[in-house]
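structure-v5.cif follows (mmCIF, C-alpha atoms):
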```
data_target
#
loop_
_atom_site.group_PDB
_atom_site.id
_atom_site.type_symbol
_atom_site.label_atom_id
_atom_site.label_comp_id
_atom_site.auth_asym_id
_atom_site.auth_seq_id
_atom_site.Cartn_x
_atom_site.Cartn_y
_atom_site.Cartn_z
ATOM 1 C CA MET A 1 72.706 53.598 -5.389
ATOM 2 C CA ALA A 2 71.462 53.752 -8.982
ATOM 3 C CA ARG A 3 74.168 54.853 -11.361
ATOM 4 C CA ASP A 4 73.304 57.194 -14.216
ATOM 5 C CA LEU A 5 73.665 55.034 -17.327
ATOM 6 C CA ARG A 6 73.958 56.242 -20.876
ATOM 7 C CA VAL A 7 75.095 55.176 -24.327
ATOM 8 C CA ILE A 8 78.629 56.501 -24.885
ATOM 9 C CA ARG A 9 78.908 56.594 -28.686
ATOM 10 C CA GLY A 10 77.387 55.595 -31.999
ATOM 11 C CA LYS A 11 73.793 55.916 -33.203
ATOM 12 C CA ALA A 12 72.258 56.211 -29.730
ATOM 13 C CA ARG A 13 75.023 58.345 -28.203
ATOM 14 C CA GLY A 14 73.998 60.266 -25.101
ATOM 15 C CA MET A 15 70.710 58.407 -24.595
ATOM 16 C CA ARG A 16 69.960 57.466 -21.007
ATOM 17 C CA LEU A 17 69.401 53.868 -19.956
ATOM 18 C CA ARG A 18 67.160 52.649 -17.185
ATOM 19 C CA SER A 19 68.684 50.691 -14.279
ATOM 20 C CA VAL A 20 67.369 47.328 -13.116
ATOM 21 C CA PRO A 21 65.283 47.870 -9.938
ATOM 22 C CA GLY A 22 66.964 46.575 -6.783
ATOM 23 C CA ASP A 23 70.642 45.723 -6.273
ATOM 24 C CA SER A 24 70.932 42.465 -8.226
ATOM 25 C CA THR A 25 73.047 43.998 -11.012
ATOM 26 C CA ARG A 26 76.271 45.996 -11.117
ATOM 27 C CA PRO A 27 76.224 48.111 -14.275
ATOM 28 C CA ILE A 28 79.460 48.811 -16.101
ATOM 29 C CA THR A 29 80.754 52.359 -15.579
ATOM 30 C CA ASP A 30 81.012 54.765 -18.501
ATOM 31 C CA ARG A 31 84.804 54.790 -18.106
ATOM 32 C CA VAL A 32 85.102 51.010 -18.424
ATOM 33 C CA LYS A 33 82.600 50.837 -21.271
ATOM 34 C CA GLU A 34 84.421 53.564 -23.175
ATOM 35 C CA ALA A 35 87.743 51.774 -22.651
ATOM 36 C CA LEU A 36 86.267 48.461 -23.832
ATOM 37 C CA PHE A 37 84.895 49.937 -27.041
ATOM 38 C CA ASN A 38 88.130 51.854 -27.683
ATOM 39 C CA ILE A 39 89.991 48.517 -27.491
ATOM 40 C CA LEU A 40 87.553 46.839 -29.897
ATOM 41 C CA GLY A 41 87.406 49.809 -32.267
ATOM 42 C CA ALA A 42 86.096 49.219 -35.790
ATOM 43 C CA ASP A 43 85.859 45.452 -35.204
ATOM 44 C CA VAL A 44 82.502 46.031 -33.479
ATOM 45 C CA PHE A 45 80.890 46.934 -36.816
ATOM 46 C CA GLY A 46 79.006 43.931 -38.202
ATOM 47 C CA SER A 47 79.921 41.736 -35.217
ATOM 48 C CA SER A 48 77.698 39.410 -33.183
ATOM 49 C CA TRP A 49 77.574 39.385 -29.380
ATOM 50 C CA LEU A 50 76.386 37.106 -26.617
ATOM 51 C CA ASP A 51 75.819 39.341 -23.576
ATOM 52 C CA LEU A 52 75.581 36.946 -20.621
ATOM 53 C CA PHE A 53 74.249 38.164 -17.249
ATOM 54 C CA ALA A 54 73.150 41.161 -19.339
ATOM 55 C CA GLY A 55 71.600 43.224 -16.502
ATOM 56 C CA THR A 56 70.600 46.594 -17.980
ATOM 57 C CA GLY A 57 71.808 45.541 -21.431
ATOM 58 C CA SER A 58 74.290 48.419 -21.402
ATOM 59 C CA VAL A 59 77.192 46.544 -23.077
ATOM 60 C CA GLY A 60 75.089 44.918 -25.792
ATOM 61 C CA ILE A 61 73.250 48.180 -26.454
ATOM 62 C CA GLU A 62 76.596 49.975 -26.798
ATOM 63 C CA ALA A 63 77.637 47.301 -29.312
ATOM 64 C CA LEU A 64 74.430 47.799 -31.349
ATOM 65 C CA SER A 65 74.860 51.582 -31.191
ATOM 66 C CA ASN A 66 78.369 51.091 -32.620
ATOM 67 C CA GLY A 67 77.181 48.973 -35.552
ATOM 68 C CA ALA A 68 77.107 45.391 -34.237
ATOM 69 C CA ALA A 69 74.835 43.268 -36.430
ATOM 70 C CA PHE A 70 73.375 41.058 -33.695
ATOM 71 C CA VAL A 71 73.299 40.889 -29.890
ATOM 72 C CA ARG A 72 71.700 38.155 -27.809
ATOM 73 C CA PHE A 73 70.974 39.431 -24.308
ATOM 74 C CA LEU A 74 70.600 36.743 -21.661
ATOM 75 C CA ASP A 75 69.661 37.174 -18.027
ATOM 76 C CA LEU A 76 67.865 34.988 -15.490
ATOM 77 C CA ASN A 77 66.272 37.962 -13.716
ATOM 78 C CA ARG A 78 62.819 38.895 -15.052
ATOM 79 C CA ARG A 79 63.294 42.548 -14.002
ATOM 80 C CA ALA A 80 66.560 42.692 -15.966
ATOM 81 C CA ILE A 81 64.820 41.316 -19.072
ATOM 82 C CA GLN A 82 62.084 43.968 -18.781
ATOM 83 C CA THR A 83 64.755 46.669 -18.327
ATOM 84 C CA ILE A 84 66.721 45.482 -21.388
ATOM 85 C CA ARG A 85 63.564 45.558 -23.535
ATOM 86 C CA THR A 86 62.727 49.074 -22.309
ATOM 87 C CA ASN A 87 66.296 50.281 -22.958
ATOM 88 C CA LEU A 88 66.306 48.806 -26.476
ATOM 89 C CA GLU A 89 63.028 50.542 -27.297
ATOM 90 C CA THR A 90 64.209 53.849 -25.796
ATOM 91 C CA THR A 91 67.410 53.764 -27.875
ATOM 92 C CA HIS A 92 65.622 52.506 -31.043
ATOM 93 C CA LEU A 93 68.052 49.580 -31.225
ATOM 94 C CA THR A 94 65.612 46.663 -31.282
ATOM 95 C CA LYS A 95 66.775 45.564 -34.755
ATOM 96 C CA GLY A 96 69.406 42.858 -34.348
ATOM 97 C CA ALA A 97 68.543 42.342 -30.658
ATOM 98 C CA ASP A 98 67.446 38.975 -29.268
ATOM 99 C CA VAL A 99 66.391 39.159 -25.592
ATOM 100 C CA ARG A 100 66.071 35.887 -23.687
ATOM 101 C CA GLN A 101 65.359 35.065 -20.083
ATOM 102 C CA GLY A 102 67.428 32.065 -19.066
ATOM 103 C CA ASP A 103 70.410 30.602 -17.279
ATOM 104 C CA ALA A 104 73.835 31.344 -18.773
ATOM 105 C CA PHE A 105 75.285 27.995 -17.683
ATOM 106 C CA THR A 106 72.431 25.998 -19.222
ATOM 107 C CA LEU A 107 72.840 27.947 -22.472
ATOM 108 C CA LEU A 108 76.626 27.488 -22.662
ATOM 109 C CA ALA A 109 76.338 23.756 -21.895
ATOM 110 C CA SER A 110 73.896 23.240 -24.763
ATOM 111 C CA LEU A 111 74.543 22.925 -28.481
ATOM 112 C CA ALA A 112 75.225 26.339 -30.027
ATOM 113 C CA ASP A 113 72.554 27.637 -32.395
ATOM 114 C CA ARG A 114 74.990 30.254 -33.741
ATOM 115 C CA THR A 115 78.535 31.516 -33.183
ATOM 116 C CA PHE A 116 79.464 34.876 -31.691
ATOM 117 C CA ASP A 117 82.411 37.205 -32.249
ATOM 118 C CA TYR A 118 82.241 38.358 -28.623
ATOM 119 C CA VAL A 119 80.947 36.537 -25.556
ATOM 120 C CA TYR A 120 80.687 39.072 -22.726
ATOM 121 C CA ILE A 121 80.652 37.610 -19.202
ATOM 122 C CA ALA A 122 79.768 40.001 -16.352
ATOM 123 C CA PRO A 123 78.039 38.001 -13.599
ATOM 124 C CA PRO A 124 77.269 39.004 -10.011
ATOM 125 C CA GLN A 125 80.537 39.385 -8.086
ATOM 126 C CA TYR A 126 82.299 37.069 -5.648
ATOM 127 C CA HIS A 127 80.464 33.850 -6.472
ATOM 128 C CA GLY A 128 82.955 32.338 -8.944
ATOM 129 C CA LEU A 129 80.301 32.552 -11.670
ATOM 130 C CA TRP A 130 82.685 34.106 -14.194
ATOM 131 C CA SER A 131 85.085 31.142 -14.022
ATOM 132 C CA LYS A 132 82.244 28.621 -14.340
ATOM 133 C CA ALA A 133 80.910 30.459 -17.416
ATOM 134 C CA LEU A 134 84.383 30.725 -18.949
ATOM 135 C CA GLN A 135 85.082 27.013 -18.385
ATOM 136 C CA LEU A 136 81.789 26.142 -20.080
ATOM 137 C CA LEU A 137 82.675 28.389 -23.021
ATOM 138 C CA ASP A 138 86.064 26.641 -23.201
ATOM 139 C CA GLU A 139 84.314 23.244 -23.300
ATOM 140 C CA HIS A 140 81.708 24.399 -25.857
ATOM 141 C CA LEU A 141 83.758 26.437 -28.312
ATOM 142 C CA ASP A 142 81.031 26.193 -30.946
ATOM 143 C CA TRP A 143 79.545 29.350 -29.345
ATOM 144 C CA LEU A 144 82.668 31.350 -30.248
ATOM 145 C CA ALA A 145 83.746 32.348 -33.760
ATOM 146 C CA GLU A 146 87.169 31.056 -34.799
ATOM 147 C CA ASP A 147 88.777 34.456 -34.108
ATOM 148 C CA GLY A 148 86.227 35.432 -31.433
ATOM 149 C CA TRP A 149 86.936 36.773 -27.956
ATOM 150 C CA GLY A 150 85.579 35.988 -24.550
ATOM 151 C CA VAL A 151 85.574 39.129 -22.381
ATOM 152 C CA VAL A 152 85.185 38.856 -18.604
ATOM 153 C CA GLN A 153 84.232 41.809 -16.380
ATOM 154 C CA ILE A 154 85.026 41.180 -12.700
ATOM 155 C CA HIS A 155 86.442 42.823 -9.589
ATOM 156 C CA PRO A 156 90.270 42.523 -9.657
ATOM 157 C CA ARG A 157 90.231 40.518 -6.394
ATOM 158 C CA GLU A 158 88.148 37.821 -8.096
ATOM 159 C CA PHE A 159 90.691 37.065 -10.789
ATOM 160 C CA GLU A 160 92.649 33.845 -10.756
ATOM 161 C CA GLU A 161 94.190 31.722 -13.458
ATOM 162 C CA ILE A 162 91.803 28.885 -14.215
ATOM 163 C CA PRO A 163 92.626 25.705 -16.136
ATOM 164 C CA LEU A 164 91.383 26.025 -19.714
ATOM 165 C CA GLN A 165 92.029 23.691 -22.598
ATOM 166 C CA HIS A 166 91.339 25.927 -25.612
ATOM 167 C CA LEU A 167 91.163 29.540 -24.440
ATOM 168 C CA VAL A 168 94.008 31.695 -23.120
ATOM 169 C CA THR A 169 94.252 35.166 -21.601
ATOM 170 C CA PHE A 170 95.817 37.605 -24.045
ATOM 171 C CA ASP A 171 95.109 40.929 -22.309
ATOM 172 C CA GLU A 172 93.986 42.400 -18.982
ATOM 173 C CA ARG A 173 92.922 45.969 -18.264
ATOM 174 C CA LYS A 174 92.194 47.338 -14.797
ATOM 175 C CA TYR A 175 90.003 50.391 -14.227
ATOM 176 C CA GLY A 176 89.615 51.063 -10.500
ATOM 177 C CA SER A 177 87.432 48.278 -9.088
ATOM 178 C CA THR A 178 86.809 46.689 -12.500
ATOM 179 C CA LEU A 179 89.037 44.262 -14.377
ATOM 180 C CA LEU A 180 88.473 43.315 -18.010
ATOM 181 C CA VAL A 181 90.136 40.046 -19.023
ATOM 182 C CA PHE A 182 90.292 39.070 -22.692
ATOM 183 C CA TYR A 183 90.402 35.473 -23.908
ATOM 184 C CA ALA A 184 90.873 33.951 -27.363
ATOM 185 C CA ARG A 185 91.600 30.508 -28.769
ATOM 186 C CA ARG A 186 95.073 29.306 -27.892
ATOM 187 C CA SER A 187 95.841 28.575 -31.578
ATOM 188 C CA ILE A 188 95.000 32.154 -32.614
ATOM 189 C CA VAL A 189 97.046 33.745 -29.812
ATOM 190 C CA GLU A 190 100.075 31.517 -30.488
ATOM 191 C CA GLU A 191 99.831 32.259 -34.218
ATOM 192 C CA SER A 192 99.823 36.023 -33.568
ATOM 193 C CA GLU A 193 102.908 35.687 -31.333
ATOM 194 C CA ASP A 194 104.966 34.002 -34.093
#
```

Written as structure tokens, how would this file's structure read?
Amino acid sequence: MARDLRVIRGKARGMRLRSVPGDSTRPITDRVKEALFNILGADVFGSSWLDLFAGTGSVGIEALSNGAAFVRFLDLNRRAIQTIRTNLETTHLTKGADVRQGDAFTLLASLADRTFDYVYIAPPQYHGLWSKALQLLDEHLDWLAEDGWGVVQIHPREFEEIPLQHLVTFDERKYGSTLLVFYARRSIVEESED
């Protein structure tokens, strides 16, 4: 069933987004998206995002609508890439958007061409893809700004503690069948706890 998608706030508030044809993506609900951007607040302004498994582009588009300076959208699915481009044009948010078709794991395993304040990981469910992506981010921290966050969107049943060397969980928020898990560098989290 196609869910009615829209931009929640910011410059493109209320604008409708197109869904990716078929059932290969699971778009974030308005409730979860609103909660996410309430948590991030003013820090979104001027930030840079890596939206992995981007699907409709809904999260990255919300970030741009709320003043993010740059969002790289990445998805392997050609239909998703076409949908993201259409949604960016519809919302007039093409400035600061970089849309790429490619594999998230290949990207994360390669040398970073820039750092991001937020790396958003929302892969297809129940395949362990989120933990693989997070482990690669942990091994290739050059993708993440010093005080940057990794944010994982999964079904609560998927969550498990995974061995990470540099990143640690510092917050979890559950909204029905969606869990958001927030990660930051261990050094930053330990510093904030002192």

Practice task
Could you tell me which residues the PyMOL selection byres ((chain A and resi 134-151) around 7) grabs in this file, written as a ChimeraX atom specification?
Solution key: /A:108-109,112,114-121,130-133,152-153,164-167,180-184,188

Handout entry: Exercise: segment 34-37 of chain A partners within 12 Å, only C-alpha atoms, chain neighbours under 6 positions left out, as a PyMOL selection string
Key = chain A and resi 6-10+13+28+43-45+58-68+118+120+151-153+171-175+178-182

Every residue with an atom at most 7 Å from (77.5, 39.8, -34.7) (file coordinates; all atoms listed in the file) is what I'm after, so could you write them as a PDB file with C-alpha atoms, keeping the file's coordinate frame?
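Below you can see out39.pdb, which holds the result:
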```pdb
ATOM      1  CA  GLY A  46      79.006  43.931 -38.202  1.00  0.00           C
ATOM      2  CA  SER A  47      79.921  41.736 -35.217  1.00  0.00           C
ATOM      3  CA  SER A  48      77.698  39.410 -33.183  1.00  0.00           C
ATOM      4  CA  TRP A  49      77.574  39.385 -29.380  1.00  0.00           C
ATOM      5  CA  ALA A  68      77.107  45.391 -34.237  1.00  0.00           C
ATOM      6  CA  ALA A  69      74.835  43.268 -36.430  1.00  0.00           C
ATOM      7  CA  PHE A  70      73.375  41.058 -33.695  1.00  0.00           C
ATOM      8  CA  VAL A  71      73.299  40.889 -29.890  1.00  0.00           C
ATOM      9  CA  PHE A 116      79.464  34.876 -31.691  1.00  0.00           C
ATOM     10  CA  ASP A 117      82.411  37.205 -32.249  1.00  0.00           C
TER      11      ASP A 117
END
```

Handout entry: Nearest candidate to Leu52 of chain A (options A:Ile81, A:Leu40, A:Met15, A:Leu5; using only C-alpha atoms)
Key =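 Among the listed residues, A:Ile81 lies closest to Leu52 of chain A.
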
Exercise for the section: Report the residues retrieved by the PyMOL selection byres ((chain A and resi 91) around 9) from the displayed file, expressed as an MDAnalysis selection string. Expected result: chainID A and resid 7 11:13 15:17 61 65 86:90 92:94

Problem - Contacts of Gln101 of chain A within 12 Å, all atoms listed in the file, excl. fewer than 4 positions in-chain, as a list in words - result: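 Surrounding residues, per the criterion: Asp51, Leu52, Phe53, Ala54, Gly55, Arg72, Phe73, Leu74, Asp75, Leu76, Asn77, Arg78, Arg79, Ala80, Ile81, Gln82, Thr83, Ile84, Arg85, Thr106 and Leu107 of chain A.
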
Could those residues be written to a file, using C-alpha atoms, as a CSV table (one decimal), keeping the file's coordinate frame?
```
chain,number,residue,atom,x,y,z
A,51,ASP,CA,75.8,39.3,-23.6
A,52,LEU,CA,75.6,36.9,-20.6
A,53,PHE,CA,74.2,38.2,-17.2
A,54,ALA,CA,73.2,41.2,-19.3
A,55,GLY,CA,71.6,43.2,-16.5
A,72,ARG,CA,71.7,38.2,-27.8
A,73,PHE,CA,71.0,39.4,-24.3
A,74,LEU,CA,70.6,36.7,-21.7
A,75,ASP,CA,69.7,37.2,-18.0
A,76,LEU,CA,67.9,35.0,-15.5
A,77,ASN,CA,66.3,38.0,-13.7
A,78,ARG,CA,62.8,38.9,-15.1
A,79,ARG,CA,63.3,42.5,-14.0
A,80,ALA,CA,66.6,42.7,-16.0
A,81,ILE,CA,64.8,41.3,-19.1
A,82,GLN,CA,62.1,44.0,-18.8
A,83,THR,CA,64.8,46.7,-18.3
A,84,ILE,CA,66.7,45.5,-21.4
A,85,ARG,CA,63.6,45.6,-23.5
A,106,THR,CA,72.4,26.0,-19.2
A,107,LEU,CA,72.8,27.9,-22.5
```

Handout entry: Point-to-point distance from atom CA of Ala104 of chain A to atom CA of Gly128 of chain A, Å rounded to tenths
Key =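 Calculated distance between atom CA of Ala104 of chain A and atom CA of Gly128 of chain A is 13.4 Å.
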
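Rounded to one decimal, atom CA of Ser110 of chain A and atom CA of Leu50 of chain A lie 14.2 Å from each other.
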
Draw an axis-aligned box tight on the listed atoms of segment 39-50 of chain A, then pad every side by 8 Å and write out centre and edge lengths in Å to one decimal as JSON.
```
{"center_x": 83.2, "center_y": 43.5, "center_z": -32.4, "size_x": 29.6, "size_y": 28.7, "size_z": 27.6}
```

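Closest to Ala97 of chain A among A:Gly57, A:Gly22, A:Glu191, A:Lys33 is A:Gly57, based on all atoms listed in the file.
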
Exercise for the section: Find the distance between atom CA of Pro123 of chain A and atom CA of Leu111 of chain A and write it in Å to one decimal. Expected result: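 Atom CA of Leu111 of chain A lies 21.5 Å from atom CA of Pro123 of chain A.
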
Handout entry: Using all atoms listed in the file: which of A:Ile162, A:Ile154, A:Val20, A:Phe170 has the shortest distance to Glu190 of chain A
Key =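 Checking each candidate against Glu190 of chain A, we get A:Phe170 as the closest.
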